[in-house]
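Student: My structure is stored as entry_31.cif, with mmCIF, C-alpha atoms.
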```cif
data_my_file
#
loop_
_atom_site.label_atom_id
_atom_site.label_comp_id
_atom_site.auth_asym_id
_atom_site.auth_seq_id
_atom_site.Cartn_x
_atom_site.Cartn_y
_atom_site.Cartn_z
CA MET A 6 30.51 -6.95 20.83
CA ASN A 7 29.02 -3.59 19.88
CA GLU A 8 30.66 -3.16 16.51
CA LYS A 9 28.46 -1.18 14.17
CA SER A 10 27.89 -2.07 10.57
CA ILE A 11 25.95 -0.29 7.87
CA THR A 12 24.28 -2.02 4.94
CA VAL A 13 22.95 0.03 2.06
CA ILE A 14 20.48 -1.32 -0.49
CA GLY A 15 19.75 0.76 -3.58
CA ASP A 16 20.71 4.39 -4.23
CA PHE A 17 20.50 5.63 -0.67
CA ILE A 18 21.31 9.31 -0.11
CA ASP A 19 22.30 10.31 3.40
CA MET A 20 20.08 13.01 4.80
CA LYS A 21 22.55 15.81 5.39
CA HIS A 22 21.38 18.24 8.03
CA SER A 23 23.84 20.81 6.69
CA VAL A 24 22.16 20.86 3.27
CA ILE A 25 19.63 23.57 2.78
CA TYR A 26 16.57 21.89 1.37
CA ASP A 27 13.93 23.89 -0.45
CA PHE A 28 11.55 22.70 2.29
CA SER A 29 11.77 20.07 4.99
CA SER A 30 9.56 18.76 7.75
CA THR A 31 9.58 16.01 10.37
CA VAL A 32 6.87 13.91 11.94
CA ARG A 33 7.94 11.92 14.98
CA LEU A 34 5.62 9.45 16.67
CA ARG A 35 6.42 8.10 20.12
CA ALA A 36 4.17 5.22 19.36
CA LYS A 37 4.51 3.48 22.73
CA LEU A 38 2.21 6.08 24.25
CA ILE A 39 -0.60 5.58 21.76
CA ASN A 40 -3.31 2.92 21.79
CA LYS A 41 -2.72 0.49 18.91
CA GLU A 42 -6.02 1.19 17.13
CA ARG A 43 -5.55 4.95 17.47
CA LEU A 44 -1.99 4.56 16.29
CA TRP A 45 -3.13 2.78 13.15
CA GLU A 46 -5.70 5.50 12.55
CA SER A 47 -3.15 8.24 13.20
CA LYS A 48 -0.90 6.68 10.56
CA ASP A 49 -3.52 7.44 7.93
CA ARG A 50 -4.13 10.92 9.22
CA SER A 51 -0.40 11.68 9.37
CA ALA A 52 0.10 10.41 5.83
CA GLU A 53 -2.88 12.35 4.54
CA PHE A 54 -1.80 15.49 6.38
CA MET A 55 1.67 15.30 4.87
CA GLY A 56 0.22 14.87 1.41
CA ASP A 57 -2.10 17.85 1.88
CA ILE A 58 0.46 20.22 3.38
CA TRP A 59 3.22 19.40 0.94
CA GLY A 60 0.83 19.72 -1.95
CA LEU A 61 0.36 23.36 -0.96
CA PHE A 62 4.07 24.12 -1.39
CA LEU A 63 4.03 23.14 -5.02
CA ASP A 64 2.54 24.52 -8.16
CA GLN A 65 -0.88 23.30 -9.18
CA GLU A 66 0.39 20.88 -11.79
CA LYS A 67 2.47 18.98 -9.20
CA GLU A 68 0.10 19.46 -6.28
CA HIS A 69 -2.32 16.68 -7.16
CA ARG A 70 0.41 14.12 -7.80
CA ILE A 71 2.24 14.90 -4.58
CA LYS A 72 -0.92 14.89 -2.48
CA THR A 73 -1.89 11.45 -3.64
CA VAL A 74 1.52 9.81 -4.02
CA LEU A 75 2.94 11.19 -0.79
CA HIS A 76 -0.14 9.99 1.08
CA ALA A 77 0.17 6.50 -0.44
CA VAL A 78 3.93 6.28 0.18
CA CYS A 79 3.71 7.49 3.79
CA VAL A 80 0.87 5.06 4.57
CA GLU A 81 2.98 2.10 3.42
CA LEU A 82 6.19 3.23 5.11
CA ILE A 83 4.58 4.12 8.44
CA GLU A 84 2.61 0.88 8.33
CA ASN A 85 5.87 -1.08 7.93
CA SER A 86 7.40 0.86 10.82
CA LEU A 87 4.43 -0.02 13.01
CA LYS A 88 4.52 -3.68 12.00
CA TYR A 89 8.26 -4.15 12.38
CA GLY A 90 9.12 -1.54 15.03
CA ILE A 91 10.10 -2.57 18.54
CA GLU A 92 7.02 -2.14 20.67
CA GLY A 93 8.89 -2.78 23.93
CA ASP A 94 11.10 0.22 23.35
CA ASP A 95 9.78 3.76 22.91
CA TYR A 96 8.60 2.54 19.51
CA ILE A 97 9.65 5.79 17.92
CA ILE A 98 8.95 6.31 14.24
CA THR A 99 10.44 9.30 12.49
CA VAL A 100 9.43 10.54 9.06
CA ASN A 101 11.55 13.26 7.47
CA LEU A 102 10.50 14.93 4.27
CA CYS A 103 12.94 16.98 2.23
CA LEU A 104 12.32 18.74 -1.04
CA LYS A 105 15.36 19.23 -3.19
CA ASP A 106 15.13 20.46 -6.77
CA ASP A 107 12.46 18.35 -8.44
CA GLU A 108 12.41 15.44 -6.01
CA LEU A 109 10.72 14.84 -2.69
CA GLN A 110 12.73 12.56 -0.40
CA VAL A 111 10.88 10.72 2.35
CA TYR A 112 13.02 9.13 5.09
CA THR A 113 11.27 6.78 7.51
CA GLU A 114 13.35 5.54 10.41
CA ASN A 115 12.58 2.98 13.08
CA LYS A 116 14.34 0.49 15.32
CA THR A 117 13.63 -3.15 14.61
CA GLU A 118 14.51 -6.65 15.77
CA PRO A 119 17.60 -8.11 14.01
CA SER A 120 15.49 -11.16 13.07
CA HIS A 121 13.47 -9.00 10.64
CA ILE A 122 16.54 -7.94 8.64
CA PRO A 123 17.07 -10.99 6.36
CA GLY A 124 13.41 -10.80 5.22
CA LEU A 125 13.69 -7.07 4.64
CA GLU A 126 16.90 -7.47 2.62
CA THR A 127 15.39 -10.19 0.45
CA ALA A 128 12.21 -8.21 -0.23
CA ALA A 129 14.16 -5.00 -0.92
CA ARG A 130 16.62 -6.62 -3.31
CA MET A 131 13.87 -8.46 -5.12
CA ALA A 132 11.93 -5.21 -5.62
CA LEU A 133 15.03 -3.39 -6.89
CA ASP A 134 16.25 -6.19 -9.14
CA THR A 135 13.01 -6.65 -11.02
CA GLU A 136 12.85 -5.39 -14.57
CA ASN A 137 9.08 -5.18 -14.58
CA ILE A 138 7.31 -4.19 -11.40
CA MET A 139 3.90 -5.25 -12.75
CA ILE A 140 5.17 -8.81 -13.29
CA LEU A 141 6.56 -8.86 -9.76
CA PHE A 142 3.15 -7.69 -8.49
CA LYS A 143 1.43 -10.60 -10.22
CA GLN A 144 4.04 -13.03 -8.91
CA LYS A 145 3.51 -11.76 -5.34
CA MET A 146 -0.26 -12.10 -5.71
CA LYS A 147 0.12 -15.72 -6.81
CA GLU A 148 2.38 -16.37 -3.82
CA ALA A 149 -0.14 -14.68 -1.51
CA LYS A 150 -2.90 -16.88 -2.93
CA ALA A 151 -0.83 -20.02 -2.34
CA ALA A 152 -0.01 -18.84 1.19
CA LYS A 153 -3.68 -18.18 1.88
CA LYS A 154 -4.50 -21.77 1.00
CA LEU A 155 -2.03 -22.82 3.69
CA GLY A 156 -3.70 -20.50 6.17
CA GLN A 157 -0.86 -17.98 6.08
CA THR A 158 -1.01 -14.27 5.36
CA ARG A 159 1.76 -12.68 3.38
CA SER A 160 2.10 -10.21 0.59
CA GLN A 161 5.23 -8.04 0.93
CA LEU A 162 3.38 -5.78 -1.42
CA GLY A 163 4.13 -2.44 0.26
CA PHE A 164 7.45 -1.80 -1.49
CA ILE A 165 6.08 -3.00 -4.82
CA ARG A 166 3.03 -0.80 -4.47
CA ILE A 167 5.27 2.23 -3.82
CA MET A 168 7.42 1.45 -6.86
CA MET A 169 4.36 1.09 -9.07
CA GLN A 170 3.93 4.85 -8.60
CA ASP A 171 7.30 5.71 -10.20
CA VAL A 172 8.90 6.12 -6.78
CA LYS A 173 12.45 4.86 -6.14
CA LEU A 174 13.28 3.08 -2.90
CA ALA A 175 16.54 2.60 -1.01
CA TRP A 176 17.45 1.40 2.48
CA GLN A 177 20.11 1.90 5.10
CA ILE A 178 20.37 -0.71 7.86
CA LYS A 179 22.53 0.06 10.88
CA THR A 180 23.30 -2.83 13.18
CA GLY A 181 25.12 -2.75 16.49
CA THR A 182 23.66 -2.60 19.98
CA GLU A 183 20.41 -1.81 18.23
CA THR A 184 19.15 -2.24 14.68
CA VAL A 185 17.87 0.86 12.90
CA VAL A 186 16.28 0.79 9.46
CA THR A 187 15.91 3.92 7.36
CA THR A 188 13.83 3.62 4.22
CA LEU A 189 14.18 6.34 1.61
CA ALA A 190 11.44 6.94 -0.94
CA ARG A 191 12.37 9.32 -3.75
CA ILE A 192 9.33 10.84 -5.38
CA PRO A 193 9.89 12.75 -8.61
CA LEU A 194 7.52 15.70 -8.73
CA THR A 195 6.81 15.08 -12.36
CA LYS A 196 5.45 11.70 -13.34
CA LYS A 197 7.11 9.85 -16.19
CA ASP A 198 4.99 9.41 -19.30
CA ARG A 199 4.17 5.78 -19.90
CA MET B 17 -25.18 -7.63 2.73
CA LYS B 18 -22.88 -4.94 4.03
CA ILE B 19 -19.83 -4.31 6.18
CA GLU B 20 -18.90 -0.93 7.42
CA GLY B 21 -15.74 0.46 9.01
CA LYS B 22 -14.98 3.95 10.29
CA THR B 23 -13.84 5.11 6.88
CA TYR B 24 -15.36 2.70 4.37
CA ILE B 25 -18.43 0.73 3.29
CA LEU B 26 -18.61 -2.55 1.36
CA ASP B 27 -22.13 -3.11 0.10
CA PHE B 28 -23.42 -6.03 -1.96
CA ASP B 29 -26.94 -5.87 -3.40
CA GLY B 30 -26.99 -9.32 -4.98
CA LYS B 31 -25.55 -8.10 -8.26
CA THR B 32 -23.06 -5.30 -7.60
CA LEU B 33 -20.43 -5.05 -4.91
CA THR B 34 -19.81 -1.37 -4.20
CA MET B 35 -16.72 -0.39 -2.23
CA SER B 36 -16.48 3.21 -1.10
CA GLY B 37 -14.46 5.47 1.18
CA LYS B 38 -10.87 4.92 2.27
CA ILE B 39 -9.46 1.55 3.25
CA SER B 40 -6.19 1.39 5.15
CA VAL B 41 -7.17 -0.59 8.20
CA MET B 42 -5.49 -2.77 10.81
CA PRO B 43 -4.42 -6.22 9.53
CA GLU B 44 -7.15 -7.98 11.56
CA GLU B 45 -9.88 -6.07 9.75
CA TYR B 46 -8.90 -7.56 6.40
CA ARG B 47 -10.02 -10.96 7.70
CA LYS B 48 -13.58 -9.59 7.88
CA MET B 49 -13.26 -8.50 4.26
CA ASP B 50 -11.95 -11.96 3.31
CA GLU B 51 -15.06 -13.55 4.79
CA PHE B 52 -17.30 -10.96 3.16
CA PHE B 53 -15.80 -11.57 -0.28
CA GLU B 54 -16.22 -15.30 0.22
CA LYS B 55 -19.94 -14.82 0.89
CA VAL B 56 -20.30 -12.53 -2.14
CA ILE B 57 -18.69 -15.11 -4.45
CA GLN B 58 -20.86 -17.86 -3.01
CA SER B 59 -24.01 -15.76 -3.36
CA VAL B 60 -23.28 -14.82 -6.99
CA SER B 61 -22.35 -18.40 -7.87
CA GLU B 62 -25.58 -19.77 -6.41
CA SER B 63 -28.16 -17.17 -7.39
CA ARG B 64 -26.99 -15.61 -10.63
CA LYS B 65 -26.29 -18.60 -12.81
CA ASP B 66 -28.14 -17.98 -16.03
CA GLU B 67 -29.16 -20.57 -18.58
CA ASN B 68 -25.55 -20.77 -19.83
CA GLY B 69 -24.35 -21.58 -16.36
CA THR B 70 -22.44 -18.32 -16.07
CA ALA B 71 -22.47 -15.80 -13.27
CA GLU B 72 -21.25 -12.21 -13.28
CA LEU B 73 -20.30 -9.91 -10.46
CA ILE B 74 -19.94 -6.18 -10.95
CA VAL B 75 -17.44 -4.53 -8.59
CA ASP B 76 -17.81 -0.77 -8.38
CA LEU B 77 -14.69 0.96 -7.07
CA ARG B 78 -15.44 4.43 -8.42
CA GLU B 79 -16.04 5.87 -4.97
CA LEU B 80 -13.16 4.03 -3.31
CA ILE B 81 -10.79 6.94 -2.82
CA PHE B 82 -7.90 5.08 -1.24
CA LEU B 83 -6.80 1.47 -0.81
CA ASN B 84 -3.45 0.54 0.73
CA SER B 85 -1.30 -2.39 -0.35
CA SER B 86 -2.90 -4.82 2.13
CA GLY B 87 -6.31 -3.83 0.78
CA ILE B 88 -5.14 -4.27 -2.81
CA LYS B 89 -3.86 -7.73 -1.91
CA THR B 90 -7.17 -8.65 -0.24
CA LEU B 91 -9.18 -7.43 -3.23
CA CYS B 92 -6.92 -9.25 -5.66
CA VAL B 93 -6.42 -12.55 -3.82
CA SER B 94 -9.68 -12.97 -1.92
CA LEU B 95 -12.06 -11.64 -4.53
CA VAL B 96 -10.57 -11.71 -8.04
CA MET B 97 -8.34 -14.79 -7.79
CA GLU B 98 -10.88 -16.72 -5.69
CA ALA B 99 -13.62 -15.96 -8.23
CA ASP B 100 -11.31 -17.19 -10.98
CA GLU B 101 -11.47 -20.65 -9.43
CA VAL B 102 -15.26 -20.80 -9.85
CA GLU B 103 -16.24 -22.20 -13.20
CA GLY B 104 -18.26 -19.80 -15.37
CA PHE B 105 -17.65 -16.81 -13.11
CA GLY B 106 -17.13 -13.43 -14.77
CA MET B 107 -16.28 -10.11 -13.20
CA LYS B 108 -16.48 -6.51 -14.32
CA ILE B 109 -14.61 -3.92 -12.24
CA LEU B 110 -15.66 -0.30 -12.63
CA CYS B 111 -12.82 2.17 -11.95
CA SER B 112 -12.33 5.92 -12.04
CA ARG B 113 -9.60 7.65 -14.04
CA SER B 114 -9.55 10.44 -11.48
CA LEU B 115 -8.27 8.12 -8.74
CA ASP B 116 -4.52 7.65 -9.12
CA TRP B 117 -4.32 4.44 -7.10
CA GLN B 118 -6.75 2.79 -9.49
CA VAL B 119 -4.88 4.01 -12.57
CA ASP B 120 -1.59 2.66 -11.14
CA ALA B 121 -2.80 -0.59 -9.61
CA MET B 122 -5.84 -1.95 -11.39
CA PRO B 123 -4.20 -2.79 -14.74
CA ALA B 124 -1.99 -5.20 -12.78
CA PHE B 125 -5.10 -7.30 -12.03
CA GLU B 126 -5.40 -8.25 -15.68
CA ASP B 127 -4.27 -11.85 -16.38
CA LEU B 128 -5.06 -12.85 -12.79
CA MET B 129 -8.58 -13.89 -13.79
CA ASP B 130 -9.71 -15.34 -17.12
CA ASN B 131 -13.06 -13.65 -17.40
CA LEU B 132 -12.24 -10.21 -16.02
CA GLU B 133 -13.08 -6.84 -17.52
CA ILE B 134 -11.64 -3.65 -16.06
CA VAL B 135 -13.54 -0.57 -17.15
CA PHE B 136 -12.24 2.97 -16.54
CA GLU B 137 -14.62 5.91 -16.65
#
```
Please express what this file holds, its structure, as structure tokens.
Tutor:
Amino acid sequence: MNEKSITVIGDFIDMKHSVIYDFSSTVRLRAKLINKERLWESKDRSAEFMGDIWGLFLDQEKEHRIKTVLHAVCVELIENSLKYGIEGDDYIITVNLCLKDDELQVYTENKTEPSHIPGLETAARMALDTENIMILFKQKMKEAKAAKKLGQTRSQLGFIRIMMQDVKLAWQIKTGTETVVTTLARIPLTKKDR
Amino acid sequence: MKIEGKTYILDFDGKTLTMSGKISVMPEEYRKMDEFFEKVIQSVSESRKDENGTAELIVDLRELIFLNSSGIKTLCVSLVMEADEVEGFGMKILCSRSLDWQVDAMPAFEDLMDNLEIVFE
């Protein structure tokens, strides 16, 4: 049975190729061809590069924020793609960046194993449902400490870390003959006053 | 005592643990940091107990430009929360206001250790 289904978590906006964005760019890694250590290193460089280049498109006031936040967001999203991507396949990771009005939209897409989906859905919904991201951070740290005592490693901190920077997250999960996850990070160019 | 990666250095001089550079490494490398933090806590506990039976570690992050979520977890769980379990252990973390990741993340460490002071410069 190859019936396709689409699950959306959060305020996901489809990336419309017909829309004229103020700017857009794509980074596509065919990760299968790259040595794992190099791949991990390239993830940092790619994220940093995107932060630097996109910072140049913006006025000075927004440049610093975008350089640092975009770098941090891309590191977490590419890292997740590397961890949960399908290594046996081409292991392709695509990052699309689109600037529209006063928001930078980062789409990270990768294929994954269906067995990863329930964990992803739980972590995503928990991150979106929380009223206070700092409290969720502390809760996750306590869970990580308890897990460490049992000899396990877990944190699921990536999404929380992204949201701590006033960035909104949403997901689209397509299942069928293959499972494709697209994570959308929406970065406002102007940071909210706290 | 020191560990060094391609992009970072963790250096402990017996009193201050200085972390510098950029840390966003492969998951396996965080295990080395776990072990390093364990030795730092042990060393401070054993050698710096003053007459009141207290020990203090200074953690200097002011030159740590970037730390990803796995690194934040390691710092929080393996250093701060582990130290919290040692009786009489205090910690002062020096941070920089010019580094956004520290401004966003470090206040979340408060409440995770009783005797913790986070200082922004």
Student: What are the residues of chain B that have an atom within 8 Å of an atom of chain A, counting only C-alpha atoms, as a PyMOL selection string?
Tutor: chain B and resi 40-42+84-86+89+92-94+97+116+120-121+124-125+128
Student: Which residues are near Trp176 of chain A? Cut-off 8 Å, only C-alpha atoms, ignore same chain within fewer than 3 positions. Put them as a tab-separated table (two decimals) with C-alpha atoms, in the coordinates of the input.
Tutor:
```
chain	number	residue	atom	x	y	z
A	13	VAL	CA	22.95	0.03	2.06
A	14	ILE	CA	20.48	-1.32	-0.49
A	15	GLY	CA	19.75	0.76	-3.58
A	17	PHE	CA	20.50	5.63	-0.67
A	129	ALA	CA	14.16	-5.00	-0.92
A	186	VAL	CA	16.28	0.79	9.46
A	187	THR	CA	15.91	3.92	7.36
A	188	THR	CA	13.83	3.62	4.22
A	189	LEU	CA	14.18	6.34	1.61
```
Student: Evaluating the PyMOL selection byres ((chain B and resi 100-110) around 6) on the displayed file yields which residues, as JSON, numbers by chain?
Tutor: {"B": [70, 71, 72, 73, 74, 75, 76, 77, 97, 98, 99, 111, 129, 131, 132, 133, 134, 135]}
Student: I need the residues from that last selection saved to file as a PDB file, in the frame of the given file (with C-alpha atoms), if you can.
Tutor:
```pdb
ATOM      1  CA  THR B  70     -22.440 -18.320 -16.070  1.00  0.00           C
ATOM      2  CA  ALA B  71     -22.470 -15.800 -13.270  1.00  0.00           C
ATOM      3  CA  GLU B  72     -21.250 -12.210 -13.280  1.00  0.00           C
ATOM      4  CA  LEU B  73     -20.300  -9.910 -10.460  1.00  0.00           C
ATOM      5  CA  ILE B  74     -19.940  -6.180 -10.950  1.00  0.00           C
ATOM      6  CA  VAL B  75     -17.440  -4.530  -8.590  1.00  0.00           C
ATOM      7  CA  ASP B  76     -17.810  -0.770  -8.380  1.00  0.00           C
ATOM      8  CA  LEU B  77     -14.690   0.960  -7.070  1.00  0.00           C
ATOM      9  CA  MET B  97      -8.340 -14.790  -7.790  1.00  0.00           C
ATOM     10  CA  GLU B  98     -10.880 -16.720  -5.690  1.00  0.00           C
ATOM     11  CA  ALA B  99     -13.620 -15.960  -8.230  1.00  0.00           C
ATOM     12  CA  CYS B 111     -12.820   2.170 -11.950  1.00  0.00           C
ATOM     13  CA  MET B 129      -8.580 -13.890 -13.790  1.00  0.00           C
ATOM     14  CA  ASN B 131     -13.060 -13.650 -17.400  1.00  0.00           C
ATOM     15  CA  LEU B 132     -12.240 -10.210 -16.020  1.00  0.00           C
ATOM     16  CA  GLU B 133     -13.080  -6.840 -17.520  1.00  0.00           C
ATOM     17  CA  ILE B 134     -11.640  -3.650 -16.060  1.00  0.00           C
ATOM     18  CA  VAL B 135     -13.540  -0.570 -17.150  1.00  0.00           C
TER      19      VAL B 135
END
```
Student: What gap, in Å, lies between atom CA of Ser51 of chain A and atom CA of Cys79 of chain A?
Tutor: 8.1 Å
Student: So that each row is one residue of segment 43-70 of chain B with an atom at most 9 Å from segment 19-30 of chain B, can you give its shortest atom pair and the distance in Å to one decimal, using only C-alpha atoms, rows by chain and rising number, as a tab-separated table?
Tutor:
```
residue	atom	partner	partner_atom	distance
B:Glu45	CA	B:Gly21	CA	8.8
B:Lys48	CA	B:Ile19	CA	8.4
B:Met49	CA	B:Ile19	CA	8.0
B:Phe52	CA	B:Ile19	CA	7.7
B:Val56	CA	B:Phe28	CA	7.2
B:Ser59	CA	B:Gly30	CA	7.3
B:Val60	CA	B:Gly30	CA	6.9
B:Ser63	CA	B:Gly30	CA	8.3
B:Arg64	CA	B:Gly30	CA	8.5
```
Student: By how many Å are atom CA of Asn68 of chain B and atom CA of Asp127 of chain B apart?
Tutor: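 About the pair atom CA of Asn68 of chain B and atom CA of Asp127 of chain B: they are 23.3 Å apart.
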Student: What does the structure give for the distance between atom CA of Arg130 of chain A and atom CA of Gly93 of chain A, in Å to one decimal?
Tutor: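 A separation of 28.6 Å between them.
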Student: Nearest residue to Glu54 of chain B out of B:Ile88, B:Val96, B:Ile39, B:Leu80, using only C-alpha atoms?
Tutor: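 For Glu54 of chain B, the nearest of the given residues is B:Val96.
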Student: Restricting the calculation to only C-alpha atoms, which member of B:Lys31, B:Gly87, B:Pro43, B:Lys38 is positioned closest to Ser61 of chain B?
Tutor: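 For Ser61 of chain B, the nearest of the candidates is B:Lys31.
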Student: Take the point (8.8, 10.4, -6.7) in the file's coordinates, draw a sphere of radius 10 Å around it, and report as a PyMOL selection string every protein, DNA or RNA residue with an atom inside or on it, counting all atoms listed in the file.
Tutor: chain A and resi 70-71+74-75+78+107-111+167-168+170-174+190-197
Student: Once 6 Å is added on each side, what are the centre and the three edge lengths, in Å to one decimal, of the axis-aligned box enclosing the listed atoms of segment 117-123 of chain B? Present them as JSON.
Tutor:
```
{"center_x": -4.2, "center_y": 0.8, "center_z": -10.9, "size_x": 17.2, "size_y": 19.2, "size_z": 19.6}
```
Student: Evaluate the PyMOL selection byres ((chain A and resi 31) around 9) and record the selected residues as a CSV table (one decimal) with C-alpha atoms, in the coordinates of the input, following the chain and residue labels used in the document.
Tutor:
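For reference, out03.csv as written:
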```csv
chain,number,residue,atom,x,y,z
A,29,SER,CA,11.8,20.1,5.0
A,30,SER,CA,9.6,18.8,7.8
A,32,VAL,CA,6.9,13.9,11.9
A,33,ARG,CA,7.9,11.9,15.0
A,99,THR,CA,10.4,9.3,12.5
A,100,VAL,CA,9.4,10.5,9.1
A,101,ASN,CA,11.6,13.3,7.5
A,102,LEU,CA,10.5,14.9,4.3
A,103,CYS,CA,12.9,17.0,2.2
```
Student: Give as a ChimeraX atom specification the residues that the PyMOL selection byres ((chain B and resi 112) around 7) matches when applied to the coordinates above.
Tutor: /B:78,111,113-115,118,136-137
Student: Using only C-alpha atoms, pick whichever of A:Ala128, A:Ile122, A:Met20, A:Leu133 has the shortest atom-to-atom distance to Lys105 of chain A.
Tutor: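 Looking only at the distances to Lys105 of chain A, the closest residue turns out to be A:Met20.
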